[in-house]
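Text of query_15.tsv, listed as TSV, C-alpha atoms:
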chain	number	residue	atom	x	y	z
A	1	MET	CA	37.07	37.94	13.88
A	2	GLY	CA	39.27	34.99	13.01
A	3	GLU	CA	36.64	32.49	14.09
A	4	LEU	CA	33.91	34.46	12.29
A	5	TRP	CA	35.92	34.35	9.06
A	6	ARG	CA	36.62	30.63	9.36
A	7	SER	CA	32.95	29.78	9.94
A	8	ARG	CA	31.81	31.93	7.04
A	9	LEU	CA	34.47	30.50	4.77
A	10	ARG	CA	33.43	26.92	5.62
A	11	ARG	CA	29.78	27.67	4.83
A	12	HIS	CA	30.76	29.49	1.62
A	13	GLN	CA	32.98	26.67	0.38
A	14	LYS	CA	30.38	24.04	1.25
A	15	THR	CA	27.78	25.92	-0.80
A	16	GLN	CA	30.16	26.36	-3.75
A	17	PHE	CA	31.07	22.66	-3.80
A	18	LYS	CA	27.40	21.73	-3.72
A	19	TYR	CA	26.65	23.74	-6.85
A	20	LEU	CA	29.92	23.00	-8.64
A	21	GLN	CA	29.09	19.30	-8.72
A	22	PHE	CA	26.07	20.21	-10.88
A	23	VAL	CA	28.15	22.50	-13.11
A	24	PHE	CA	30.97	20.01	-13.68
A	25	ASN	CA	28.79	16.99	-14.33
A	26	ASP	CA	30.09	14.04	-16.34
A	27	HIS	CA	28.84	15.37	-19.68
A	28	PHE	CA	30.18	18.89	-19.18
A	29	VAL	CA	33.58	17.66	-17.97
A	30	LEU	CA	33.88	15.42	-21.03
A	31	VAL	CA	33.05	18.35	-23.29
A	32	LEU	CA	35.56	20.58	-21.51
A	33	VAL	CA	38.35	18.00	-21.75
A	34	ILE	CA	37.82	17.46	-25.46
A	35	LEU	CA	37.43	21.19	-26.10
A	36	ALA	CA	40.60	21.99	-24.13
A	37	GLY	CA	42.56	19.39	-26.06
A	38	ALA	CA	41.26	20.69	-29.37
A	39	LEU	CA	42.08	24.29	-28.48
A	40	LEU	CA	45.59	23.37	-27.32
A	41	TYR	CA	46.20	21.55	-30.60
A	42	ALA	CA	44.88	24.52	-32.59
A	43	TYR	CA	47.05	26.88	-30.52
A	44	SER	CA	50.20	24.82	-31.14
A	45	THR	CA	49.43	24.71	-34.86
A	46	TRP	CA	48.82	28.47	-34.96
A	47	ILE	CA	52.08	29.22	-33.13
A	48	LYS	CA	54.08	27.36	-35.79
A	49	THR	CA	52.66	29.60	-38.53
A	50	LEU	CA	52.80	32.83	-36.50
A	51	THR	CA	54.68	35.78	-37.92
A	52	VAL	CA	55.77	38.66	-35.68
A	53	THR	CA	53.97	41.92	-36.45
A	54	TRP	CA	53.81	45.23	-34.60
A	55	TRP	CA	50.27	44.66	-33.33
A	56	LEU	CA	50.94	41.19	-31.90
A	57	ARG	CA	52.54	42.52	-28.72
A	58	LEU	CA	49.75	45.07	-28.28
A	59	LEU	CA	47.11	42.38	-28.64
A	60	LEU	CA	48.84	40.05	-26.18
A	61	GLY	CA	49.27	42.89	-23.69
A	62	LEU	CA	45.58	43.76	-24.01
A	63	ILE	CA	44.53	40.15	-23.40
A	64	LEU	CA	46.77	39.82	-20.33
A	65	ALA	CA	45.53	43.13	-18.92
A	66	GLY	CA	41.97	41.97	-19.50
A	67	LEU	CA	42.65	38.82	-17.46
A	68	LEU	CA	43.54	41.05	-14.52
A	69	SER	CA	39.93	42.20	-14.33
A	70	LEU	CA	38.79	38.66	-13.53
A	71	GLY	CA	38.14	37.97	-9.86
A	72	GLY	CA	36.59	40.30	-7.32
A	73	LEU	CA	36.97	40.76	-3.60
A	74	ALA	CA	35.04	37.99	-1.80
A	75	SER	CA	34.42	39.68	1.54
A	76	LEU	CA	31.54	37.32	2.50
A	77	ALA	CA	29.93	40.32	4.22
A	78	GLN	CA	26.26	39.94	5.16
A	79	ALA	CA	23.46	42.49	5.40
A	80	ALA	CA	23.22	42.18	9.20
A	81	ASP	CA	26.90	43.10	9.63
A	82	SER	CA	26.23	46.81	9.23
A	83	THR	CA	24.11	46.65	12.40
A	84	PHE	CA	25.59	43.97	14.63
A	85	LEU	CA	29.27	44.46	13.77
A	86	LEU	CA	29.24	48.24	13.56
A	87	PRO	CA	30.96	48.66	16.96
A	88	GLN	CA	33.68	46.27	15.72
A	89	THR	CA	34.44	48.18	12.51
A	90	GLY	CA	38.11	48.53	13.32
A	91	ALA	CA	38.52	44.85	14.13
A	92	PHE	CA	36.50	43.87	11.06
A	93	ALA	CA	39.45	45.00	8.94
A	94	LYS	CA	41.27	41.80	9.98
A	95	LEU	CA	38.49	39.78	8.37
A	96	LEU	CA	38.72	41.85	5.20
A	97	LEU	CA	42.48	41.27	5.02
A	98	ARG	CA	41.89	37.51	5.16
A	99	ALA	CA	39.16	37.87	2.55
A	100	ARG	CA	41.57	39.70	0.26
A	101	ARG	CA	44.15	36.93	0.53
A	102	TYR	CA	41.49	34.30	-0.11
A	103	SER	CA	40.25	36.24	-3.16
A	104	LEU	CA	43.73	36.05	-4.68
A	105	LEU	CA	43.82	32.24	-4.87
A	106	LEU	CA	41.68	31.62	-7.96
A	107	PRO	CA	43.09	34.57	-10.00
A	108	LEU	CA	46.59	33.35	-9.10
A	109	VAL	CA	45.90	29.96	-10.72
A	110	VAL	CA	44.33	31.56	-13.82
A	111	LEU	CA	47.17	34.06	-14.26
A	112	ALA	CA	49.82	31.38	-13.75
A	113	LEU	CA	48.22	29.27	-16.48
A	114	ALA	CA	48.02	32.32	-18.74
A	115	ALA	CA	51.72	33.04	-18.23
A	116	LEU	CA	52.54	29.40	-18.96
A	117	ALA	CA	50.43	29.51	-22.13
A	118	CYS	CA	52.39	32.59	-23.27
A	119	ALA	CA	55.72	30.72	-23.19
A	120	PRO	CA	55.57	29.50	-26.84
A	121	MET	CA	54.56	32.95	-28.01
A	122	LEU	CA	57.41	34.54	-26.07
A	123	GLN	CA	59.83	32.27	-27.93
A	124	VAL	CA	58.37	33.51	-31.22
A	125	LEU	CA	58.94	37.10	-29.99
A	126	GLY	CA	62.61	36.32	-29.31
A	127	ILE	CA	62.33	36.06	-25.51
A	128	ALA	CA	63.57	33.09	-23.49
A	129	PRO	CA	60.33	31.16	-22.85
A	130	LEU	CA	61.05	29.86	-19.33
A	131	ALA	CA	62.46	33.06	-17.85
A	132	GLY	CA	59.96	35.17	-19.77
A	133	ALA	CA	56.96	33.16	-18.59
A	134	LEU	CA	58.20	33.20	-14.99
A	135	THR	CA	58.72	36.99	-14.88
A	136	LEU	CA	55.46	37.53	-16.76
A	137	GLY	CA	53.63	35.44	-14.12
A	138	VAL	CA	55.23	37.52	-11.34
A	139	ALA	CA	54.07	40.70	-13.05
A	140	LEU	CA	50.50	39.44	-13.46
A	141	VAL	CA	50.23	38.27	-9.84
A	142	ALA	CA	51.66	41.55	-8.52
A	143	PHE	CA	49.26	43.61	-10.63
A	144	LYS	CA	46.35	41.45	-9.43
A	145	ASP	CA	47.48	41.95	-5.85
A	146	CYS	CA	47.33	45.71	-6.43
A	147	ASP	CA	43.90	45.30	-7.99
A	148	LEU	CA	42.53	43.52	-4.91
A	149	TRP	CA	44.02	46.17	-2.65
A	150	LEU	CA	42.22	48.86	-4.64
A	151	GLN	CA	38.97	46.88	-4.50
A	152	LEU	CA	39.31	46.71	-0.72
A	153	LEU	CA	40.38	50.30	-0.19
A	154	ARG	CA	37.48	51.67	-2.21
A	155	PHE	CA	35.38	50.98	0.90
A	156	TYR	CA	37.73	53.21	2.92
A	157	PRO	CA	37.16	56.39	0.89
A	158	ALA	CA	39.25	58.57	3.19
A	159	PHE	CA	42.43	56.74	2.19
A	160	LEU	CA	42.57	56.62	-1.60
A	161	PRO	CA	42.70	59.74	-3.79
A	162	ARG	CA	40.05	60.05	-6.47
A	163	TRP	CA	42.46	59.28	-9.30
A	164	ALA	CA	43.52	55.92	-7.81
A	165	THR	CA	40.94	53.81	-9.62
A	166	ARG	CA	40.89	50.26	-10.89
A	167	ALA	CA	40.63	51.49	-14.49
A	168	LEU	CA	43.86	53.47	-14.11
A	169	LEU	CA	45.61	50.38	-12.71
A	170	LEU	CA	44.49	48.25	-15.67
A	171	LEU	CA	45.72	50.97	-18.05
A	172	VAL	CA	49.12	51.05	-16.33
A	173	ALA	CA	49.24	47.24	-16.41
A	174	PHE	CA	48.50	47.23	-20.14
A	175	ALA	CA	51.28	49.75	-20.80
A	176	ALA	CA	53.79	47.88	-18.60
A	177	LEU	CA	52.94	44.46	-20.04
A	178	THR	CA	53.16	45.73	-23.62
A	179	LEU	CA	56.49	47.42	-22.91
A	180	GLY	CA	57.70	44.20	-21.30
A	181	LEU	CA	56.78	42.25	-24.43
A	182	PHE	CA	58.78	44.68	-26.56
A	183	LEU	CA	61.83	44.62	-24.24
A	184	HIS	CA	61.60	41.82	-21.67
A	185	PRO	CA	58.84	40.80	-19.18
A	186	VAL	CA	61.22	41.68	-16.34
A	187	VAL	CA	60.33	45.32	-17.06
A	188	ALA	CA	56.64	44.62	-16.44
A	189	ALA	CA	57.51	42.63	-13.31
A	190	ALA	CA	59.60	45.53	-11.97
A	191	VAL	CA	56.77	48.04	-12.54
A	192	ALA	CA	54.22	45.72	-10.93
A	193	LEU	CA	56.38	45.02	-7.87
A	194	VAL	CA	57.14	48.72	-7.36
A	195	LEU	CA	53.40	49.52	-7.46
A	196	ASP	CA	52.49	46.64	-5.16
A	197	LEU	CA	55.21	47.29	-2.58
A	198	GLY	CA	54.60	51.04	-2.72
A	199	LEU	CA	50.90	50.54	-2.08
A	200	ARG	CA	51.59	48.22	0.84
A	201	TRP	CA	54.09	50.71	2.29
A	202	GLN	CA	51.51	53.49	2.16
A	203	LEU	CA	48.89	51.43	3.98
A	204	GLY	CA	50.45	51.65	7.44
A	205	ASP	CA	47.84	51.30	10.16
A	206	HIS	CA	45.06	52.63	7.95
A	207	PHE	CA	42.59	49.94	8.99
A	208	ALA	CA	42.61	50.99	12.65
A	209	PRO	CA	40.16	53.93	12.18
A	210	ALA	CA	36.47	53.11	11.81
A	211	GLY	CA	36.05	54.49	8.29
A	212	LEU	CA	34.49	51.51	6.54
A	213	ASP	CA	31.64	52.04	4.07
A	214	TRP	CA	29.46	49.20	5.35
A	215	LEU	CA	26.57	49.68	2.92
A	216	GLY	CA	28.87	49.82	-0.10
A	217	LEU	CA	30.75	46.70	1.00
A	218	ILE	CA	27.54	44.71	1.54
A	219	ALA	CA	26.04	45.84	-1.78
A	220	PHE	CA	29.26	44.87	-3.59
A	221	GLU	CA	29.24	41.38	-2.03
A	222	GLU	CA	25.55	40.86	-2.86
A	223	ARG	CA	26.19	41.74	-6.51
A	224	ARG	CA	29.18	39.39	-6.64
A	225	GLN	CA	27.26	36.48	-5.19
A	226	GLY	CA	24.27	37.31	-7.40
A	227	ARG	CA	26.43	36.92	-10.52
A	228	LEU	CA	27.80	33.65	-9.19
A	229	TYR	CA	24.41	32.15	-8.38
A	230	ARG	CA	22.93	33.26	-11.69
A	231	PHE	CA	25.68	31.25	-13.36
A	232	TYR	CA	24.85	28.23	-11.20
A	233	ASN	CA	21.19	28.70	-12.08
A	234	LEU	CA	22.04	27.83	-15.69
A	235	PHE	CA	22.83	24.28	-14.54
A	236	THR	CA	20.49	23.68	-11.60
A	237	ASP	CA	17.76	25.41	-9.62
A	238	VAL	CA	19.13	27.83	-7.04
A	239	PRO	CA	16.59	28.49	-4.24
A	240	GLY	CA	15.34	32.06	-4.26
A	241	LEU	CA	16.90	32.79	-7.64
A	242	GLY	CA	15.31	32.58	-11.05
A	243	GLY	CA	16.65	33.27	-14.47
A	244	GLY	CA	13.99	35.89	-15.07
A	245	VAL	CA	11.14	36.26	-17.54
A	246	ARG	CA	10.93	39.03	-20.12
A	247	ARG	CA	8.11	39.89	-22.47
A	248	ARG	CA	10.05	40.09	-25.73
A	249	ARG	CA	7.36	41.49	-28.03
A	250	TYR	CA	9.76	41.71	-30.97
A	251	LEU	CA	9.97	37.90	-30.95
A	252	ASP	CA	6.20	37.33	-30.97
A	253	PHE	CA	6.30	36.46	-34.65
A	254	LEU	CA	8.37	33.37	-33.81
A	255	ALA	CA	5.75	32.13	-31.36
A	256	HIS	CA	3.00	32.83	-33.90
A	257	LEU	CA	4.68	30.44	-36.34
A	258	VAL	CA	3.29	27.66	-34.16
A	259	SER	CA	-0.33	26.75	-34.83
A	260	GLN	CA	-2.42	27.85	-31.86
A	261	ASN	CA	-4.77	24.91	-31.66
A	262	HIS	CA	-5.46	21.93	-29.44
A	263	ALA	CA	-2.91	19.67	-31.10
A	264	HIS	CA	-0.03	22.16	-30.70
A	265	ALA	CA	-0.72	23.51	-27.22
A	266	TRP	CA	2.54	22.19	-25.80
A	267	ASP	CA	4.50	23.43	-28.83
A	268	PHE	CA	3.25	26.96	-28.23
A	269	LEU	CA	3.98	26.78	-24.50
A	270	TYR	CA	7.54	25.53	-25.00
A	271	VAL	CA	8.32	28.14	-27.66
A	272	ARG	CA	6.96	30.89	-25.43
A	273	GLY	CA	8.93	29.53	-22.49
A	274	PHE	CA	12.18	29.44	-24.44
A	275	LEU	CA	11.77	32.97	-25.79
A	276	ARG	CA	10.81	34.50	-22.46
A	277	ARG	CA	13.03	32.64	-19.98
A	278	THR	CA	16.44	34.31	-19.99
A	279	GLU	CA	18.28	31.28	-18.56
A	280	PHE	CA	17.52	29.36	-21.79
A	281	SER	CA	17.38	31.94	-24.57
A	282	GLY	CA	20.34	33.88	-23.13
A	283	LEU	CA	22.43	30.73	-22.80
A	284	TYR	CA	21.55	29.69	-26.35
A	285	LEU	CA	22.67	33.04	-27.78
A	286	ARG	CA	25.88	33.17	-25.73
A	287	LEU	CA	26.98	29.68	-26.74
A	288	LEU	CA	26.05	30.44	-30.35
A	289	VAL	CA	28.29	33.51	-30.44
A	290	ILE	CA	31.17	31.75	-28.63
A	291	GLY	CA	30.89	28.70	-30.86
A	292	ALA	CA	30.85	30.76	-34.07
A	293	VAL	CA	33.96	32.67	-32.97
A	294	VAL	CA	35.84	29.51	-31.93
A	295	LEU	CA	34.98	27.74	-35.20
A	296	THR	CA	36.20	30.74	-37.20
A	297	PHE	CA	39.73	30.27	-35.84
A	298	ALA	CA	39.77	26.45	-35.99
A	299	LYS	CA	41.91	25.24	-38.90
A	300	PRO	CA	41.89	21.42	-39.34
A	301	LEU	CA	38.63	20.07	-40.73
A	302	TRP	CA	38.43	17.35	-38.08
A	303	LEU	CA	38.73	20.03	-35.39
A	304	VAL	CA	35.96	22.08	-37.03
A	305	ALA	CA	33.68	19.03	-37.09
A	306	LEU	CA	34.50	18.14	-33.48
A	307	LEU	CA	33.90	21.65	-32.16
A	308	ALA	CA	30.61	22.02	-34.07
A	309	ALA	CA	29.34	18.74	-32.65
A	310	LEU	CA	30.48	19.68	-29.14
A	311	PHE	CA	28.68	23.02	-29.16
A	312	VAL	CA	25.49	21.46	-30.49
A	313	TYR	CA	25.64	18.79	-27.79
A	314	LEU	CA	26.40	21.31	-25.06
A	315	VAL	CA	23.44	23.51	-26.03
A	316	GLY	CA	21.13	20.51	-26.29
A	317	PHE	CA	22.15	19.26	-22.87
A	318	GLN	CA	21.59	22.67	-21.30
A	319	LEU	CA	18.09	22.85	-22.82
A	320	LEU	CA	16.94	19.69	-21.00
A	321	PRO	CA	15.63	21.52	-17.88
A	322	LEU	CA	13.18	23.42	-20.13
A	323	ALA	CA	11.16	20.19	-20.42
A	324	LEU	CA	10.17	20.50	-16.75
A	325	ALA	CA	10.17	24.30	-16.48
A	326	SER	CA	6.36	24.49	-16.54
A	327	ASP	CA	5.71	21.81	-13.93
A	328	ASP	CA	5.09	24.41	-11.22
A	329	ILE	CA	2.16	25.85	-13.22
A	330	VAL	CA	-0.99	24.09	-12.09
A	331	PHE	CA	-2.81	24.59	-15.39
A	332	THR	CA	-0.33	22.39	-17.26
A	333	HIS	CA	-1.53	19.47	-15.12
A	334	LEU	CA	-5.15	20.19	-16.04
A	335	TYR	CA	-4.68	20.16	-19.82
A	336	PRO	CA	-6.81	17.37	-21.40
A	337	LEU	CA	-3.81	16.33	-23.49
A	338	PRO	CA	-1.90	13.01	-23.63
A	339	ALA	CA	1.49	12.94	-21.93
A	340	ALA	CA	3.21	11.72	-25.11
A	341	GLN	CA	2.20	14.93	-26.90
A	342	ARG	CA	4.24	16.94	-24.43
A	343	ASN	CA	7.44	14.98	-25.08
A	344	ARG	CA	6.96	15.15	-28.85
A	345	ALA	CA	6.46	18.92	-28.66
A	346	PHE	CA	9.64	19.38	-26.66
A	347	GLY	CA	11.56	17.12	-29.03
A	348	ARG	CA	10.42	19.18	-32.02
A	349	LEU	CA	11.54	22.42	-30.33
A	350	VAL	CA	14.96	21.01	-29.45
A	351	LEU	CA	15.42	19.63	-32.97
A	352	VAL	CA	14.61	23.01	-34.56
A	353	LEU	CA	16.88	24.91	-32.16
A	354	LEU	CA	19.81	22.55	-32.64
A	355	VAL	CA	19.45	22.46	-36.43
A	356	LEU	CA	19.35	26.26	-36.46
A	357	LEU	CA	22.39	26.32	-34.20
A	358	ALA	CA	24.29	23.95	-36.50
A	359	LEU	CA	23.61	26.27	-39.44
A	360	LEU	CA	24.48	29.50	-37.63
A	361	LEU	CA	27.73	28.18	-36.16
A	362	SER	CA	29.24	28.23	-39.64
A	363	VAL	CA	28.55	31.93	-40.27
A	364	GLY	CA	32.11	32.95	-39.41
A	365	LEU	CA	33.53	30.27	-41.70
A	366	VAL	CA	31.33	31.43	-44.58
A	367	VAL	CA	32.30	35.07	-44.05
A	368	THR	CA	36.00	34.18	-44.15
A	369	GLY	CA	35.50	32.19	-47.37
A	370	ARG	CA	36.15	28.72	-45.89
A	371	PHE	CA	33.18	27.05	-47.54
A	372	LEU	CA	34.49	23.50	-47.19
A	373	ALA	CA	35.01	23.95	-43.46
A	374	ALA	CA	31.54	25.51	-43.20
A	375	GLY	CA	30.04	22.45	-44.91
A	376	VAL	CA	31.90	20.14	-42.54
A	377	ALA	CA	30.69	22.14	-39.52
A	378	VAL	CA	27.09	22.10	-40.73
A	379	GLY	CA	27.24	18.37	-41.49
A	380	ALA	CA	28.70	17.45	-38.10
A	381	GLY	CA	26.27	19.74	-36.30
A	382	LEU	CA	23.24	18.33	-38.13
A	383	VAL	CA	24.25	14.74	-37.42
A	384	LEU	CA	24.64	15.49	-33.72
A	385	ALA	CA	21.42	17.56	-33.63
A	386	CYS	CA	19.37	14.76	-35.18
A	387	GLY	CA	20.95	12.10	-32.98
A	388	PHE	CA	20.39	14.16	-29.84
A	389	ALA	CA	16.79	15.17	-30.57
A	390	LEU	CA	15.57	11.92	-32.16
A	391	TRP	CA	17.45	9.32	-30.11
A	392	TYR	CA	18.94	10.61	-26.86
A	393	LEU	CA	16.15	13.03	-25.92
A	394	PRO	CA	13.23	10.53	-26.08
A	395	MET	CA	15.30	8.06	-24.06
A	396	ARG	CA	16.12	10.74	-21.46
A	397	LEU	CA	12.52	11.97	-21.17
A	398	GLY	CA	11.24	8.40	-20.89
A	399	ARG	CA	13.68	7.69	-18.08
A	400	GLN	CA	12.55	10.85	-16.27
A	401	ALA	CA	8.89	9.85	-16.61
A	402	ARG	CA	9.60	6.40	-15.14
A	403	GLY	CA	11.81	7.69	-12.36
This structure in structure tokens:
Amino acid sequence: MGELWRSRLRRHQKTQFKYLQFVFNDHFVLVLVILAGALLYAYSTWIKTLTVTWWLRLLLGLILAGLLSLGGLASLAQAADSTFLLPQTGAFAKLLLRARRYSLLLPLVVLALAALACAPMLQVLGIAPLAGALTLGVALVAFKDCDLWLQLLRFYPAFLPRWATRALLLLVAFAALTLGLFLHPVVAAAVALVLDLGLRWQLGDHFAPAGLDWLGLIAFEERRQGRLYRFYNLFTDVPGLGGGVRRRRYLDFLAHLVSQNHAHAWDFLYVRGFLRRTEFSGLYLRLLVIGAVVLTFAKPLWLVALLAALFVYLVGFQLLPLALASDDIVFTHLYPLPAAQRNRAFGRLVLVLLVLLALLLSVGLVVTGRFLAAGVAVGAGLVLACGFALWYLPMRLGRQARG
């Protein structure tokens, strides 16, 4: 089982690295670095003006408990295992134990960074920042360790009682973390360690019996990898996986705004493609909502302008694959239309979408009465939208046509 786990882990990591290089391309990394710097500056500015209220500890406890839900058990189980490894069910538990430890690595990094980010806020709450962040990190890691144990043991239904659910653990973690923020994070760490050590003590030799729910384990792993590959599919084509096409009749009026004649054939096709293909329309809506929320909490005007331009650029860059999304349809190669008309049609669609995005990003600022900031956001977004659609996009499409 050890060799089987190592071979599967090597293949899994090789596949992840292959797709991650498309996700973290040069443009996206630049955007993330600038966005992270801007958010850290905004966070430091907000901390200086923060006043302690009764709901602050509850909100922070809720956020930290929510972070515990990130990260699932990566068992790397395959559909054929339920047949070929069925006689080795007892020994297969060793592979699952290694999978559980491997699944803890990424959440451990995220939770450690979250605890470190809480240090300035702990000082505002009257708690020593270094000791408080350290004990808070211990509590988060211990609770996450319990969470992964519960995720594993759910496939051994004879062991866990019905009330021992992941939701109950997150509720207990929220209560302990909130109490620790009122008293000291060492309280939350003590509760988490007692739960974790108590759970480990109760395990014993439970994995020796052949009581594994093979079908449930395989279905869980397929759903986990499906979510992962759907995310990768937003940045590159994943073989055997598509973003999906939906017939959104309630959006037909948007497609009918385009003249349905010979001169606007590509315009109509691109609008239809954007509205129906979930990997483009869904991404557009998600980034719009996230951008509007982030801009609402941004304070300095230069930060508002920078974030608005970054979100417009990020959306525009992610829309680029739509230009080639219809290449696998044979009829698009039979249209008696000039090639330049296709590029102009795509440029018009991108320009309209980015201008609309620049306007909608400022909704939160308008609602909160920050009209100057809203004007700055709209101005920065429009400048970037026009520059992207009228200068960068034609250059990019021309380079694709030549190459």
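Within the 9 Å cut-off around A:Leu193, using only C-alpha atoms and omitting residues fewer than 2 positions from it on the same chain, the listed residues are A:Val138, A:Ala139, A:Ala142, A:Phe143, A:Ala188, A:Ala189, A:Ala190, A:Val191, A:Leu195, A:Asp196, A:Leu197, A:Gly198.
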Requested write-out: C-alpha atoms of the selected residues, as a CSV table (one decimal), in the frame of the given file:
chain,number,residue,atom,x,y,z
A,138,VAL,CA,55.2,37.5,-11.3
A,139,ALA,CA,54.1,40.7,-13.0
A,142,ALA,CA,51.7,41.6,-8.5
A,143,PHE,CA,49.3,43.6,-10.6
A,188,ALA,CA,56.6,44.6,-16.4
A,189,ALA,CA,57.5,42.6,-13.3
A,190,ALA,CA,59.6,45.5,-12.0
A,191,VAL,CA,56.8,48.0,-12.5
A,195,LEU,CA,53.4,49.5,-7.5
A,196,ASP,CA,52.5,46.6,-5.2
A,197,LEU,CA,55.2,47.3,-2.6
A,198,GLY,CA,54.6,51.0,-2.7
For A:Leu85, the nearest of the candidates A:Val294, A:Val110, A:Leu203, A:Leu4, counting only C-alpha atoms: A:Leu4
Closest contacts (stretch 61-134 of chain A/stretch 32-55 of chain A, max 9 Å, all atoms listed in the file) as a Markdown table:
| residue | atom | partner | partner_atom | distance |
| --- | --- | --- | --- | --- |
| A:Pro120 | CA | A:Ile47 | CA | 7.2 |
| A:Met121 | CA | A:Ile47 | CA | 6.8 |
| A:Val124 | CA | A:Val52 | CA | 7.3 |
| A:Leu125 | CA | A:Val52 | CA | 6.7 |
Can you spit out the residues from that selection as a PDB file, in the coordinates of the input, using C-alpha atoms?
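The new file again09.pdb reads:
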ATOM      1  CA  PRO A 120      55.570  29.500 -26.840  1.00  0.00           C
ATOM      2  CA  MET A 121      54.560  32.950 -28.010  1.00  0.00           C
ATOM      3  CA  VAL A 124      58.370  33.510 -31.220  1.00  0.00           C
ATOM      4  CA  LEU A 125      58.940  37.100 -29.990  1.00  0.00           C
TER       5      LEU A 125
END
Selection: 7 Å around stretch 298-314 of chain A, only C-alpha atoms, excl. self and same-chain fewer than 6 positions, as JSON, numbers by chain: {"A": [31, 38, 42, 291, 354, 357, 358, 373, 376, 377, 380, 381, 384, 385]}
Quick one, how far is atom CA of A:Arg272 from atom CA of A:Leu228? 26.6 Å
Report as a PDB file with C-alpha atoms, in the coordinates of the input all protein, DNA and RNA residues lying within 10 Å of stretch 60-65 of chain A, evaluated on all atoms listed in the file, omitting residues in the same chain fewer than 3 positions from it.
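The resulting selection_17.pdb:
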ATOM      1  CA  TRP A  55      50.270  44.660 -33.330  1.00  0.00           C
ATOM      2  CA  LEU A  56      50.940  41.190 -31.900  1.00  0.00           C
ATOM      3  CA  ARG A  57      52.540  42.520 -28.720  1.00  0.00           C
ATOM      4  CA  LEU A  68      43.540  41.050 -14.520  1.00  0.00           C
ATOM      5  CA  SER A  69      39.930  42.200 -14.330  1.00  0.00           C
ATOM      6  CA  LEU A  70      38.790  38.660 -13.530  1.00  0.00           C
ATOM      7  CA  LEU A 111      47.170  34.060 -14.260  1.00  0.00           C
ATOM      8  CA  ALA A 114      48.020  32.320 -18.740  1.00  0.00           C
ATOM      9  CA  ALA A 115      51.720  33.040 -18.230  1.00  0.00           C
ATOM     10  CA  CYS A 118      52.390  32.590 -23.270  1.00  0.00           C
ATOM     11  CA  MET A 121      54.560  32.950 -28.010  1.00  0.00           C
ATOM     12  CA  LEU A 136      55.460  37.530 -16.760  1.00  0.00           C
ATOM     13  CA  LEU A 140      50.500  39.440 -13.460  1.00  0.00           C
ATOM     14  CA  PHE A 143      49.260  43.610 -10.630  1.00  0.00           C
ATOM     15  CA  LYS A 144      46.350  41.450  -9.430  1.00  0.00           C
ATOM     16  CA  LEU A 169      45.610  50.380 -12.710  1.00  0.00           C
ATOM     17  CA  LEU A 170      44.490  48.250 -15.670  1.00  0.00           C
ATOM     18  CA  LEU A 171      45.720  50.970 -18.050  1.00  0.00           C
ATOM     19  CA  VAL A 172      49.120  51.050 -16.330  1.00  0.00           C
ATOM     20  CA  ALA A 173      49.240  47.240 -16.410  1.00  0.00           C
ATOM     21  CA  PHE A 174      48.500  47.230 -20.140  1.00  0.00           C
ATOM     22  CA  ALA A 175      51.280  49.750 -20.800  1.00  0.00           C
ATOM     23  CA  ALA A 176      53.790  47.880 -18.600  1.00  0.00           C
ATOM     24  CA  LEU A 177      52.940  44.460 -20.040  1.00  0.00           C
ATOM     25  CA  THR A 178      53.160  45.730 -23.620  1.00  0.00           C
ATOM     26  CA  LEU A 179      56.490  47.420 -22.910  1.00  0.00           C
ATOM     27  CA  GLY A 180      57.700  44.200 -21.300  1.00  0.00           C
ATOM     28  CA  LEU A 181      56.780  42.250 -24.430  1.00  0.00           C
TER      29      LEU A 181
END
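Take the candidates A:Asn343, A:Thr165, A:Ser75, A:Asn25 and check each one against A:Tyr270 using all atoms listed in the file; the shortest distance goes to A:Asn343.
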Please provide as a count of residues only all residues within 10 Å of A:Ala164, with the sequence filter that same-chain residues fewer than 5 positions apart are discarded (counting all atoms listed in the file). 4
What does the structure give for the distance between atom CA of A:Leu390 and atom CA of A:Phe231, in Å to one decimal?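 Atom CA of A:Leu390 sits 28.8 Å away from atom CA of A:Phe231.
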Nearest to A:Phe371 among A:Gly126, A:Thr296, A:Leu349, A:Leu320, with distances taken over only C-alpha atoms: which residue is it? A:Thr296
Using the file's own x, y and z axes, what box holds all listed atoms of stretch 181-196 of chain A with 6 Å on each side, keeping edges along x, y and z, and what are its centre and edge lengths in Å to one decimal, as JSON?
{"center_x": 57.2, "center_y": 45.2, "center_z": -15.9, "size_x": 21.3, "size_y": 20.7, "size_z": 33.4}
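The gap separating atom CA of A:His12 from atom CA of A:Tyr229 is 12.1 Å, in Å to one decimal.
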Of the candidates A:Cys146, A:Val29, A:Val289, A:Ala167, which shows the shortest atom-to-atom distance to A:Val363, using all atoms listed in the file?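 Closest candidate: A:Val289.
Comparing the minimum interatomic distances between A:Leu95 and each of A:Lys14, A:Arg166, A:Arg396, A:Arg8, counting all atoms listed in the file, we find that A:Arg8 sits nearest.
The residue that comes closest to A:Asp267, out of A:Leu20, A:Leu295, A:Leu73, A:Val350 and on the basis of all atoms listed in the file, is A:Val350.
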Within 10 Å of A:Gln318, counting all atoms listed in the file, which residues show up once you throw out same-chain ones fewer than 2 positions away? Write them as a ChimeraX atom specification, please. /A:28,234-236,279-280,283-284,313-316,320-322
